[in-house]
Each structure stands twice: as structure tokens, then as C-alpha cells.
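Novice: Provided herewith is a single structure, encoded as C-alpha cells, for subsequent inquiry.
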Amino acid sequence: MTLLNHTLPSPAENLACDEALLDWCEAGQCEGILRFWGPAEYFVVLGYANKTSVEVDVDACRKLDVPVFRRCSGGGAVLQGPGCLNYSVVLKITGALQSITETNCFVMQRNRDALQPLLKGKVQVRGHTDLAIGDLKFSGNSQRRRKDFLLFHGSFLLNLDIARMEQLLKFPSKQPDYRADRPHARFLTNCGLAPDSIKSVLSRAWNAKQTHVALPSDRIEALVRERYSKPEWNLRW
């Protein structure tokens with residue numbers, strides 16, 4: 001598997017890059033990718049089917065000049081910013097990856113096992129695709145599937161300003177049972193890990209090796225131009 005440790009300049013480019021890498025593998029250009037990237041600014045990201053007005057305090061985002069984007073995968077709305085580490089893994093659909101549920105179990109268990117030695121508390125897979133210490137979530141994940149490959153990506157809360165999330169995100173329209181109606185500040189936690197430590201254990205877990213590859217820049221630019229920079233995509237519904 002190819003390892004990419006690469007953050008692009010803008011939120012739109014970084015979100016487009018994940019989809020472009022999935023398309024790239026689907027076109028037969030690569031057999032698998034693990035990518036890490038870290039946001040330098042605050043922005044909100046909606047899940048593919050989220051309704052903007054339901055999940056996001058749009059007025060607060062405008063007041064604080066925090067842009068809102070939409071990703072190509074499912075799941076709920078999240079706040080990205082300094083103190084987050086994002087990863088994306090593109091995998092060939094085979095074996096234990098034949099269904100959404102099987103894929104969730106396979107990827108989440110591998111990530112959990114990789115991270116457990118770094119953390120004092122017991123790391124558990126909660127809900128469908130959360131990682132938590134006890135009943136406090138520190139990682140959320142989602143997936144997007146094509147015919148032959150899938151994209152599974154997520155975020156780790158390292159030292160994010162969770163209070164800012166309270167300002168910008170409404171209480172989610174869907175919640176896992178273990179959340180038990182808790183607000184963001186009582187449901188989320190920062191794991192406090194250094195980015196390089198997570199990158200190291202996940203790279204080993206996925207057998208990903210640093211390789212010099214040229215990103216599919218044309219596809220990334222096209223997706224930014226046609227989708228990720230447009231309100232019709234980001235703010236629909």
C-alpha cells in the first residue's frame with residue numbers, strides 16, 4: 001500500500017483529494033493508499049446526505065468566518081481544525097470488505113488494535129464507526145464505495161477546541177445509543193497523542209510504505225472546480 005503524508009493548501013482541495021484518490025484506484029492506477037493530512041484552519045464538513053440547516057449553526061459559522069463543506073462519504077457533521085489529524089485509506093473490495101458492515105468492522109478493529117498501545121484507557125469501537133475511550137469519542141469515520149475500491153476515512157481529535165464545536169454544530173439529528181443525548185462537550189474527548197505516533201502505528205498496521213507518486217492533480221482540480229468550491233454542493237438542502 002502506498003503511503004501519502006500530504007496536506008493540500010485548502011479544505012476544498014483536501015476533501016477533493018480523498019475522492020480523487022478513490023477514483024484513481026478505481027481506474028487501476030494504484031492498488032491501495034493510506035493518506036494523512038492535517039487542517040490548518042477551522043471549517044465544518046457535512047456528511048454526504050446531511051441537511052445543512054439541521055446539522056450546522058449557519059449564522060454562527062458566518063459570524064466566525066468558518067466555511068462549510070460537504071464530503072463524498074456518509075456520517076455526520078464534524079468540525080475540522082488545528083488539533084485534528086485526518087487519515088484516508090483506499091482499499092480494494094475483496095474478502096472481508098464485501099459489505100458496508102463488514103468493512104466497518106474490519107477497518108475499525110484494525111485501527112483500534114493499532115492505537116491501543118498508545119493510550120492508557122481501553123479503546124473501543126462504539127456505535128458503527130467511532131473510536132472511544134470508555135464512553136468518550138475521539139475518532140469518527142465514514143466510507144464511500146465504488147465498484148472495485150472503497151474509501152474509508154476519518155478524524156482523530158488530538159487537542160481540538162471542542163468548545164468551538166459547541167458553537168458551530170447543532171445537536172446531531174442522528175446519534176449512536178452510547179451518546180445518550182450528551183452535548184458535544186460531554187461526548188467528545190481529545191486523545192492527546194502526537195500526530196507522528198498515530199501515523200507510525202497506522203502505517204505499520206496497513207503495511208503502507210512511503211512511495212514517490214504524483215497525485216492525480218487534474219482530477220483534484222476538476223472536483224474542486226465542479227463540486228467542492230460550489231455552494232450548490234456544500235450547502236444544498
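Residues are named by chain letter and number: chains run A, B, ... in the order of the C-alpha cells, numbers start at 1 in each chain, and ligands are numbered from 1 in the order shown.
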Check which residues of region 150-222 of chain A sit at most 12 Å from region 110-126 of chain A using only C-alpha atoms, and return one row each with the closest pair of atoms and their distance in Å to one decimal, ordered by chain and rising number, as JSON lines.
Specialist:
{"residue": "A:Phe152", "atom": "CA", "partner": "A:Asn111", "partner_atom": "CA", "distance": 11.4}
{"residue": "A:His153", "atom": "CA", "partner": "A:Asn111", "partner_atom": "CA", "distance": 11.2}
{"residue": "A:Gly154", "atom": "CA", "partner": "A:Asn111", "partner_atom": "CA", "distance": 10.7}
{"residue": "A:Ser155", "atom": "CA", "partner": "A:Asn111", "partner_atom": "CA", "distance": 11.8}
{"residue": "A:Phe156", "atom": "CA", "partner": "A:Leu115", "partner_atom": "CA", "distance": 10.9}
{"residue": "A:Gln175", "atom": "CA", "partner": "A:Arg126", "partner_atom": "CA", "distance": 11.3}
{"residue": "A:Pro176", "atom": "CA", "partner": "A:Arg126", "partner_atom": "CA", "distance": 8.0}
{"residue": "A:Asp177", "atom": "CA", "partner": "A:Arg126", "partner_atom": "CA", "distance": 9.0}
{"residue": "A:Tyr178", "atom": "CA", "partner": "A:Arg126", "partner_atom": "CA", "distance": 7.4}
{"residue": "A:Arg179", "atom": "CA", "partner": "A:Arg126", "partner_atom": "CA", "distance": 9.5}
{"residue": "A:Asn190", "atom": "CA", "partner": "A:Leu119", "partner_atom": "CA", "distance": 11.5}
{"residue": "A:Cys191", "atom": "CA", "partner": "A:Leu119", "partner_atom": "CA", "distance": 7.8}
{"residue": "A:Gly192", "atom": "CA", "partner": "A:Leu119", "partner_atom": "CA", "distance": 9.1}
{"residue": "A:Leu193", "atom": "CA", "partner": "A:Leu118", "partner_atom": "CA", "distance": 7.7}
{"residue": "A:Ala194", "atom": "CA", "partner": "A:Leu118", "partner_atom": "CA", "distance": 9.9}
{"residue": "A:Pro195", "atom": "CA", "partner": "A:Leu118", "partner_atom": "CA", "distance": 11.6}
{"residue": "A:Asp196", "atom": "CA", "partner": "A:Leu118", "partner_atom": "CA", "distance": 11.6}
{"residue": "A:Ser197", "atom": "CA", "partner": "A:Leu118", "partner_atom": "CA", "distance": 7.9}
{"residue": "A:Ile198", "atom": "CA", "partner": "A:Leu115", "partner_atom": "CA", "distance": 7.0}
{"residue": "A:Lys199", "atom": "CA", "partner": "A:Leu115", "partner_atom": "CA", "distance": 10.0}
{"residue": "A:Ser200", "atom": "CA", "partner": "A:Ala114", "partner_atom": "CA", "distance": 9.4}
{"residue": "A:Val201", "atom": "CA", "partner": "A:Ala114", "partner_atom": "CA", "distance": 5.7}
{"residue": "A:Leu202", "atom": "CA", "partner": "A:Ala114", "partner_atom": "CA", "distance": 6.2}
{"residue": "A:Ser203", "atom": "CA", "partner": "A:Ala114", "partner_atom": "CA", "distance": 9.3}
{"residue": "A:Arg204", "atom": "CA", "partner": "A:Ala114", "partner_atom": "CA", "distance": 8.3}
{"residue": "A:Ala205", "atom": "CA", "partner": "A:Ala114", "partner_atom": "CA", "distance": 6.2}
{"residue": "A:Trp206", "atom": "CA", "partner": "A:Arg110", "partner_atom": "CA", "distance": 8.3}
{"residue": "A:Asn207", "atom": "CA", "partner": "A:Arg110", "partner_atom": "CA", "distance": 11.6}
Novice: Please produce an output containing N, CA and C atoms for each residue in the selection, written as a short mmCIF file (atom, residue, chain, number, x, y, z; two decimals), in the first residue's frame.
Specialist:
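For reference, again_6.cif as written:
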data_model
loop_
_atom_site.label_atom_id
_atom_site.label_comp_id
_atom_site.auth_asym_id
_atom_site.auth_seq_id
_atom_site.Cartn_x
_atom_site.Cartn_y
_atom_site.Cartn_z
N PHE A 152 -12.26 4.73 2.98
CA PHE A 152 -12.63 4.77 4.40
C PHE A 152 -11.78 5.86 5.04
N HIS A 153 -12.41 6.85 5.59
CA HIS A 153 -11.62 7.96 6.15
C HIS A 153 -12.23 8.46 7.44
N GLY A 154 -11.38 9.18 8.22
CA GLY A 154 -11.85 9.67 9.50
C GLY A 154 -10.90 10.67 10.11
N SER A 155 -11.27 11.14 11.30
CA SER A 155 -10.50 12.15 12.02
C SER A 155 -10.20 11.66 13.43
N PHE A 156 -9.05 12.06 13.93
CA PHE A 156 -8.68 11.84 15.33
C PHE A 156 -8.62 13.20 16.02
N GLN A 175 -27.84 9.93 16.38
CA GLN A 175 -26.79 9.70 17.38
C GLN A 175 -26.71 8.22 17.71
N PRO A 176 -25.51 7.71 18.01
CA PRO A 176 -25.40 6.33 18.48
C PRO A 176 -25.97 6.21 19.89
N ASP A 177 -26.40 5.02 20.24
CA ASP A 177 -27.03 4.82 21.55
C ASP A 177 -26.14 5.28 22.70
N TYR A 178 -24.84 5.03 22.59
CA TYR A 178 -23.97 5.33 23.72
C TYR A 178 -23.79 6.83 23.95
N ARG A 179 -24.19 7.65 22.99
CA ARG A 179 -24.10 9.11 23.21
C ARG A 179 -25.06 9.55 24.32
N ASN A 190 -10.34 14.72 23.57
CA ASN A 190 -9.08 14.70 22.83
C ASN A 190 -8.23 13.56 23.37
N CYS A 191 -7.62 12.81 22.45
CA CYS A 191 -6.80 11.69 22.89
C CYS A 191 -5.40 12.14 23.32
N GLY A 192 -4.97 13.34 22.92
CA GLY A 192 -3.71 13.89 23.38
C GLY A 192 -2.47 13.30 22.74
N LEU A 193 -2.63 12.50 21.70
CA LEU A 193 -1.48 11.86 21.05
C LEU A 193 -0.81 12.81 20.07
N ALA A 194 0.46 12.58 19.83
CA ALA A 194 1.19 13.33 18.80
C ALA A 194 0.83 12.76 17.43
N PRO A 195 0.67 13.62 16.43
CA PRO A 195 0.32 13.12 15.09
C PRO A 195 1.25 12.03 14.58
N ASP A 196 2.55 12.21 14.78
CA ASP A 196 3.51 11.24 14.25
C ASP A 196 3.35 9.86 14.86
N SER A 197 2.91 9.80 16.12
CA SER A 197 2.73 8.49 16.75
C SER A 197 1.57 7.73 16.11
N ILE A 198 0.49 8.44 15.78
CA ILE A 198 -0.64 7.80 15.10
C ILE A 198 -0.25 7.39 13.69
N LYS A 199 0.44 8.27 13.00
CA LYS A 199 0.87 7.94 11.64
C LYS A 199 1.74 6.69 11.63
N SER A 200 2.62 6.58 12.60
CA SER A 200 3.54 5.45 12.66
C SER A 200 2.81 4.13 12.86
N VAL A 201 1.89 4.07 13.84
CA VAL A 201 1.24 2.80 14.13
C VAL A 201 0.24 2.41 13.04
N LEU A 202 -0.44 3.39 12.45
CA LEU A 202 -1.37 3.06 11.38
C LEU A 202 -0.64 2.65 10.10
N SER A 203 0.49 3.27 9.83
CA SER A 203 1.28 2.87 8.66
C SER A 203 1.73 1.42 8.78
N ARG A 204 2.14 1.03 9.98
CA ARG A 204 2.53 -0.37 10.20
C ARG A 204 1.32 -1.30 10.09
N ALA A 205 0.21 -0.88 10.67
CA ALA A 205 -0.99 -1.72 10.67
C ALA A 205 -1.49 -1.99 9.25
N TRP A 206 -1.36 -1.00 8.37
CA TRP A 206 -1.83 -1.15 7.00
C TRP A 206 -0.71 -1.51 6.02
N ASN A 207 0.47 -1.73 6.56
CA ASN A 207 1.63 -2.09 5.73
C ASN A 207 1.81 -1.09 4.59
#
Novice: Could you list, with a cut-off of 7 Å and counting only C-alpha atoms, the residues of region 68-159 of chain A near region 41-50 of chain A, each shown with its nearest atom pair and the distance in Å rounded to one decimal, rows sorted by chain and ascending number, as JSON lines?
Specialist:
{"residue": "A:Val68", "atom": "CA", "partner": "A:Val44", "partner_atom": "CA", "distance": 4.7}
{"residue": "A:Phe69", "atom": "CA", "partner": "A:Val45", "partner_atom": "CA", "distance": 4.8}
{"residue": "A:Arg70", "atom": "CA", "partner": "A:Leu46", "partner_atom": "CA", "distance": 4.5}
{"residue": "A:Arg71", "atom": "CA", "partner": "A:Tyr48", "partner_atom": "CA", "distance": 5.6}
{"residue": "A:Cys72", "atom": "CA", "partner": "A:Tyr48", "partner_atom": "CA", "distance": 5.4}
{"residue": "A:Ser73", "atom": "CA", "partner": "A:Tyr48", "partner_atom": "CA", "distance": 5.3}
{"residue": "A:Gly74", "atom": "CA", "partner": "A:Gly47", "partner_atom": "CA", "distance": 4.8}
{"residue": "A:Gly75", "atom": "CA", "partner": "A:Gly47", "partner_atom": "CA", "distance": 5.0}
{"residue": "A:Gly76", "atom": "CA", "partner": "A:Gly47", "partner_atom": "CA", "distance": 5.0}
{"residue": "A:Ala77", "atom": "CA", "partner": "A:Leu46", "partner_atom": "CA", "distance": 4.2}
{"residue": "A:Val78", "atom": "CA", "partner": "A:Val45", "partner_atom": "CA", "distance": 5.4}
{"residue": "A:Leu79", "atom": "CA", "partner": "A:Val44", "partner_atom": "CA", "distance": 4.6}
{"residue": "A:Gln80", "atom": "CA", "partner": "A:Phe43", "partner_atom": "CA", "distance": 5.3}
{"residue": "A:Gly81", "atom": "CA", "partner": "A:Tyr42", "partner_atom": "CA", "distance": 4.1}
{"residue": "A:Pro82", "atom": "CA", "partner": "A:Glu41", "partner_atom": "CA", "distance": 6.2}
Novice: Could you check the closest approach to Thr189 (chain A) for each of A:Leu131, A:Ile100, A:Val54, A:Leu150 and tell me which residue wins, using only C-alpha atoms?
Specialist: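 Result for the nearest residue to Thr189 (chain A): A:Leu131.
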Novice: Could you give me, as a ChimeraX atom specification, the residues within 10 Å of His6 (chain A), counting only C-alpha atoms and dropping anything in the same chain fewer than 3 positions from it?
Specialist: /A:3,9,14,17,35-38,215
Novice: What does the file look like for those residues with C-alpha atoms, as a PDB file, in the first residue's frame?
Specialist:
ATOM      1  CA  LEU A   3       1.716   5.925   1.967  1.00  0.00           C
ATOM      2  CA  PRO A   9      -3.439  24.146   0.794  1.00  0.00           C
ATOM      3  CA  ASN A  14      -8.113  18.144   0.755  1.00  0.00           C
ATOM      4  CA  CYS A  17      -8.166  14.683  -2.873  1.00  0.00           C
ATOM      5  CA  ARG A  35      -3.047   9.204   3.327  1.00  0.00           C
ATOM      6  CA  PHE A  36      -2.606  11.540   6.305  1.00  0.00           C
ATOM      7  CA  TRP A  37      -3.413  15.240   6.350  1.00  0.00           C
ATOM      8  CA  GLY A  38      -3.921  17.928   8.959  1.00  0.00           C
ATOM      9  CA  LEU A 215      -1.094  12.999  -7.100  1.00  0.00           C
TER      10      LEU A 215
END
Novice: May I ask for the distance between CA of Leu157 (chain A) and CA of Cys25 (chain A), given in Å to one decimal place?
Specialist: 28.0 Å
Novice: With distances taken over only C-alpha atoms, which of A:Ala208, A:Ala60, A:Phe187, A:Thr7 is nearest to Pro172 (chain A)?
Specialist: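 Result for the nearest residue to Pro172 (chain A): A:Phe187.
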Novice: To one decimal in Å, tell me the separation between CA of Ser217 (chain A) and CA of Ala20 (chain A).
Specialist: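 For CA of Ser217 (chain A) relative to CA of Ala20 (chain A), the distance reads 8.5 Å.
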Novice: Please list as a list in words every residue within 9 Å of Asp57 (chain A), counting only C-alpha atoms and excluding residues in the same chain fewer than 5 positions away.
Specialist: Thr52, Arg62, Gln167, Leu168, Leu169 and Lys170 of chain A
Novice: Provide the CA of Pro11 (chain A) to CA of Asn86 (chain A) distance in Å, to one decimal place.
Specialist: 11.9 Å
Novice: I need the residues of region 32-233 of chain A that end up classed as strand (DSSP E) by DSSP on the backbone, written out as a ChimeraX atom specification.
Specialist: /A:33-37,43-46,68-70,78-80,84-92,123-126,130-133,136-145,149-157,209-210
Novice: Those selected residues, please, written with C-alpha atoms and delivered as a compact mmCIF listing (two decimals), in the first residue's frame.
Specialist:
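Generated output (again00.txt):
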# COMPACT_ATOMS: atom_id res chain seq x y z
CA ILE A 33 -3.42 4.18 -0.48
CA LEU A 34 -3.07 5.42 3.09
CA ARG A 35 -3.05 9.20 3.33
CA PHE A 36 -2.61 11.54 6.31
CA TRP A 37 -3.41 15.24 6.35
CA PHE A 43 -14.03 24.54 8.81
CA VAL A 44 -17.16 22.41 9.08
CA VAL A 45 -17.66 19.27 6.99
CA LEU A 46 -21.10 17.77 6.42
CA VAL A 68 -18.90 24.83 5.45
CA PHE A 69 -18.08 21.98 3.09
CA ARG A 70 -19.59 18.60 2.22
CA VAL A 78 -17.75 17.49 12.06
CA LEU A 79 -15.52 20.43 12.87
CA GLN A 80 -12.05 20.32 11.36
CA CYS A 84 -7.20 17.21 14.25
CA LEU A 85 -5.41 14.52 12.27
CA ASN A 86 -7.17 13.02 9.28
CA TYR A 87 -6.47 9.73 7.56
CA SER A 88 -7.86 8.15 4.40
CA VAL A 89 -7.42 4.55 3.32
CA VAL A 90 -8.43 3.32 -0.14
CA LEU A 91 -8.87 -0.45 -0.29
CA LYS A 92 -9.78 -2.99 -2.95
CA VAL A 123 -10.01 1.79 23.23
CA GLN A 124 -13.37 0.54 21.98
CA VAL A 125 -15.30 0.62 18.74
CA ARG A 126 -18.60 2.28 19.64
CA ASP A 130 -16.47 5.61 16.41
CA LEU A 131 -13.38 5.03 18.50
CA ALA A 132 -13.86 5.84 22.15
CA ILE A 133 -12.15 5.58 25.50
CA LEU A 136 -15.95 9.42 25.23
CA LYS A 137 -15.46 9.58 21.46
CA PHE A 138 -12.14 10.68 19.97
CA SER A 139 -12.48 9.46 16.38
CA GLY A 140 -15.29 9.38 13.82
CA ASN A 141 -15.18 7.62 10.45
CA SER A 142 -17.17 7.02 7.28
CA GLN A 143 -16.88 5.35 3.89
CA ARG A 144 -17.67 5.72 0.20
CA ARG A 145 -17.79 2.73 -2.16
CA PHE A 149 -12.49 0.07 -4.40
CA LEU A 150 -13.71 1.87 -1.30
CA LEU A 151 -12.62 4.95 0.60
CA PHE A 152 -12.63 4.77 4.40
CA HIS A 153 -11.62 7.96 6.15
CA GLY A 154 -11.85 9.67 9.50
CA SER A 155 -10.50 12.15 12.02
CA PHE A 156 -8.68 11.84 15.33
CA LEU A 157 -9.21 14.53 17.95
CA LYS A 209 5.21 2.39 2.58
CA GLN A 210 6.32 5.85 1.55
Novice: Write out as JSON, numbers by chain all residues of region 69-216 of chain A that DSSP puts in helix (DSSP H, G or I) for this structure's backbone.
Specialist: {"A": [95, 96, 97, 100, 101, 102, 103, 104, 105, 106, 107, 108, 109, 110, 111, 112, 113, 114, 115, 116, 117, 118, 162, 163, 164, 165, 166, 167, 168, 177, 178, 179, 184, 185, 186, 187, 195, 196, 197, 198, 199, 200, 201, 202, 203, 204, 205]}
Novice: Keeping only N, CA and C atoms, write the selected residues as a short mmCIF file (atom, residue, chain, number, x, y, z; two decimals), in the first residue's frame.
Specialist:
data_model
loop_
_atom_site.label_atom_id
_atom_site.label_comp_id
_atom_site.auth_asym_id
_atom_site.auth_seq_id
_atom_site.Cartn_x
_atom_site.Cartn_y
_atom_site.Cartn_z
N GLY A 95 -12.61 -10.02 -0.03
CA GLY A 95 -12.58 -10.68 1.27
C GLY A 95 -13.56 -10.10 2.26
N ALA A 96 -13.06 -9.57 3.37
CA ALA A 96 -13.90 -9.06 4.46
C ALA A 96 -14.47 -7.69 4.19
N LEU A 97 -14.32 -7.18 2.97
CA LEU A 97 -14.77 -5.82 2.65
C LEU A 97 -15.97 -5.81 1.71
N ILE A 100 -20.86 -2.92 3.61
CA ILE A 100 -20.59 -1.75 4.46
C ILE A 100 -20.31 -2.20 5.89
N THR A 101 -21.15 -3.09 6.41
CA THR A 101 -20.99 -3.53 7.79
C THR A 101 -19.68 -4.29 8.00
N GLU A 102 -19.36 -5.20 7.08
CA GLU A 102 -18.11 -5.95 7.20
C GLU A 102 -16.91 -5.02 7.14
N THR A 103 -16.98 -4.03 6.26
CA THR A 103 -15.89 -3.08 6.12
C THR A 103 -15.71 -2.27 7.40
N ASN A 104 -16.84 -1.79 7.96
CA ASN A 104 -16.75 -1.06 9.22
C ASN A 104 -16.03 -1.87 10.29
N CYS A 105 -16.42 -3.12 10.44
CA CYS A 105 -15.80 -3.98 11.46
C CYS A 105 -14.32 -4.18 11.19
N PHE A 106 -13.98 -4.47 9.95
CA PHE A 106 -12.60 -4.79 9.59
C PHE A 106 -11.68 -3.60 9.83
N VAL A 107 -12.05 -2.44 9.31
CA VAL A 107 -11.19 -1.26 9.42
C VAL A 107 -11.12 -0.76 10.85
N MET A 108 -12.27 -0.68 11.51
CA MET A 108 -12.28 -0.12 12.86
C MET A 108 -11.51 -1.00 13.85
N GLN A 109 -11.62 -2.30 13.71
CA GLN A 109 -10.87 -3.20 14.60
C GLN A 109 -9.38 -3.08 14.37
N ARG A 110 -8.97 -2.93 13.11
CA ARG A 110 -7.55 -2.78 12.84
C ARG A 110 -7.02 -1.46 13.40
N ASN A 111 -7.76 -0.39 13.22
CA ASN A 111 -7.34 0.90 13.76
C ASN A 111 -7.31 0.88 15.29
N ARG A 112 -8.33 0.27 15.89
CA ARG A 112 -8.37 0.18 17.35
C ARG A 112 -7.15 -0.57 17.89
N ASP A 113 -6.85 -1.72 17.29
CA ASP A 113 -5.72 -2.52 17.76
C ASP A 113 -4.39 -1.79 17.60
N ALA A 114 -4.28 -1.00 16.52
CA ALA A 114 -3.05 -0.24 16.30
C ALA A 114 -2.86 0.85 17.34
N LEU A 115 -3.95 1.50 17.72
CA LEU A 115 -3.86 2.65 18.62
C LEU A 115 -3.80 2.27 20.10
N GLN A 116 -4.33 1.10 20.44
CA GLN A 116 -4.43 0.74 21.85
C GLN A 116 -3.11 0.86 22.63
N PRO A 117 -1.96 0.42 22.08
CA PRO A 117 -0.72 0.55 22.86
C PRO A 117 -0.31 1.99 23.17
N LEU A 118 -0.87 2.95 22.46
CA LEU A 118 -0.52 4.35 22.67
C LEU A 118 -1.33 5.01 23.78
N ILE A 162 -12.83 21.81 21.49
CA ILE A 162 -14.17 21.22 21.45
C ILE A 162 -15.24 22.25 21.75
N ALA A 163 -14.92 23.26 22.53
CA ALA A 163 -15.90 24.32 22.82
C ALA A 163 -16.34 25.03 21.54
N ARG A 164 -15.43 25.13 20.58
CA ARG A 164 -15.78 25.76 19.30
C ARG A 164 -16.80 24.91 18.54
N MET A 165 -16.69 23.59 18.71
CA MET A 165 -17.66 22.71 18.08
C MET A 165 -19.06 22.96 18.61
N GLU A 166 -19.16 23.23 19.91
CA GLU A 166 -20.46 23.56 20.51
C GLU A 166 -21.06 24.81 19.88
N GLN A 167 -20.21 25.74 19.49
CA GLN A 167 -20.68 26.99 18.89
C GLN A 167 -21.22 26.78 17.48
N LEU A 168 -20.60 25.87 16.73
CA LEU A 168 -20.83 25.81 15.29
C LEU A 168 -21.73 24.66 14.83
N ASP A 177 -26.40 5.02 20.24
CA ASP A 177 -27.03 4.82 21.55
C ASP A 177 -26.14 5.28 22.70
N TYR A 178 -24.84 5.03 22.59
CA TYR A 178 -23.97 5.33 23.72
C TYR A 178 -23.79 6.83 23.95
N ARG A 179 -24.19 7.65 22.99
CA ARG A 179 -24.10 9.11 23.21
C ARG A 179 -25.06 9.55 24.32
N HIS A 184 -21.92 17.96 22.74
CA HIS A 184 -20.57 17.69 22.22
C HIS A 184 -19.52 17.70 23.33
N ALA A 185 -19.60 18.68 24.22
CA ALA A 185 -18.56 18.86 25.24
C ALA A 185 -18.50 17.69 26.22
N ARG A 186 -19.61 16.98 26.39
CA ARG A 186 -19.64 15.84 27.31
C ARG A 186 -19.52 14.50 26.60
N PHE A 187 -19.54 14.54 25.28
CA PHE A 187 -19.48 13.31 24.48
C PHE A 187 -18.11 13.09 23.86
N PRO A 195 0.67 13.62 16.43
CA PRO A 195 0.32 13.12 15.09
C PRO A 195 1.25 12.03 14.58
N ASP A 196 2.55 12.21 14.78
CA ASP A 196 3.51 11.24 14.25
C ASP A 196 3.35 9.86 14.86
N SER A 197 2.91 9.80 16.12
CA SER A 197 2.73 8.49 16.75
C SER A 197 1.57 7.73 16.11
N ILE A 198 0.49 8.44 15.78
CA ILE A 198 -0.64 7.80 15.10
C ILE A 198 -0.25 7.39 13.69
N LYS A 199 0.44 8.27 13.00
CA LYS A 199 0.87 7.94 11.64
C LYS A 199 1.74 6.69 11.63
N SER A 200 2.62 6.58 12.60
CA SER A 200 3.54 5.45 12.66
C SER A 200 2.81 4.13 12.86
N VAL A 201 1.89 4.07 13.84
CA VAL A 201 1.24 2.80 14.13
C VAL A 201 0.24 2.41 13.04
N LEU A 202 -0.44 3.39 12.45
CA LEU A 202 -1.37 3.06 11.38
C LEU A 202 -0.64 2.65 10.10
N SER A 203 0.49 3.27 9.83
CA SER A 203 1.28 2.87 8.66
C SER A 203 1.73 1.42 8.78
N ARG A 204 2.14 1.03 9.98
CA ARG A 204 2.53 -0.37 10.20
C ARG A 204 1.32 -1.30 10.09
N ALA A 205 0.21 -0.88 10.67
CA ALA A 205 -0.99 -1.72 10.67
C ALA A 205 -1.49 -1.99 9.25
#
Novice: Tell me which of A:Gly83, A:Trp237, A:Ile93, A:Ser173 sits closest to Glu26 (chain A), counting only C-alpha atoms.
Specialist: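 Of A:Gly83, A:Trp237, A:Ile93, A:Ser173, the one nearest Glu26 (chain A), counting only C-alpha atoms, is A:Ile93.
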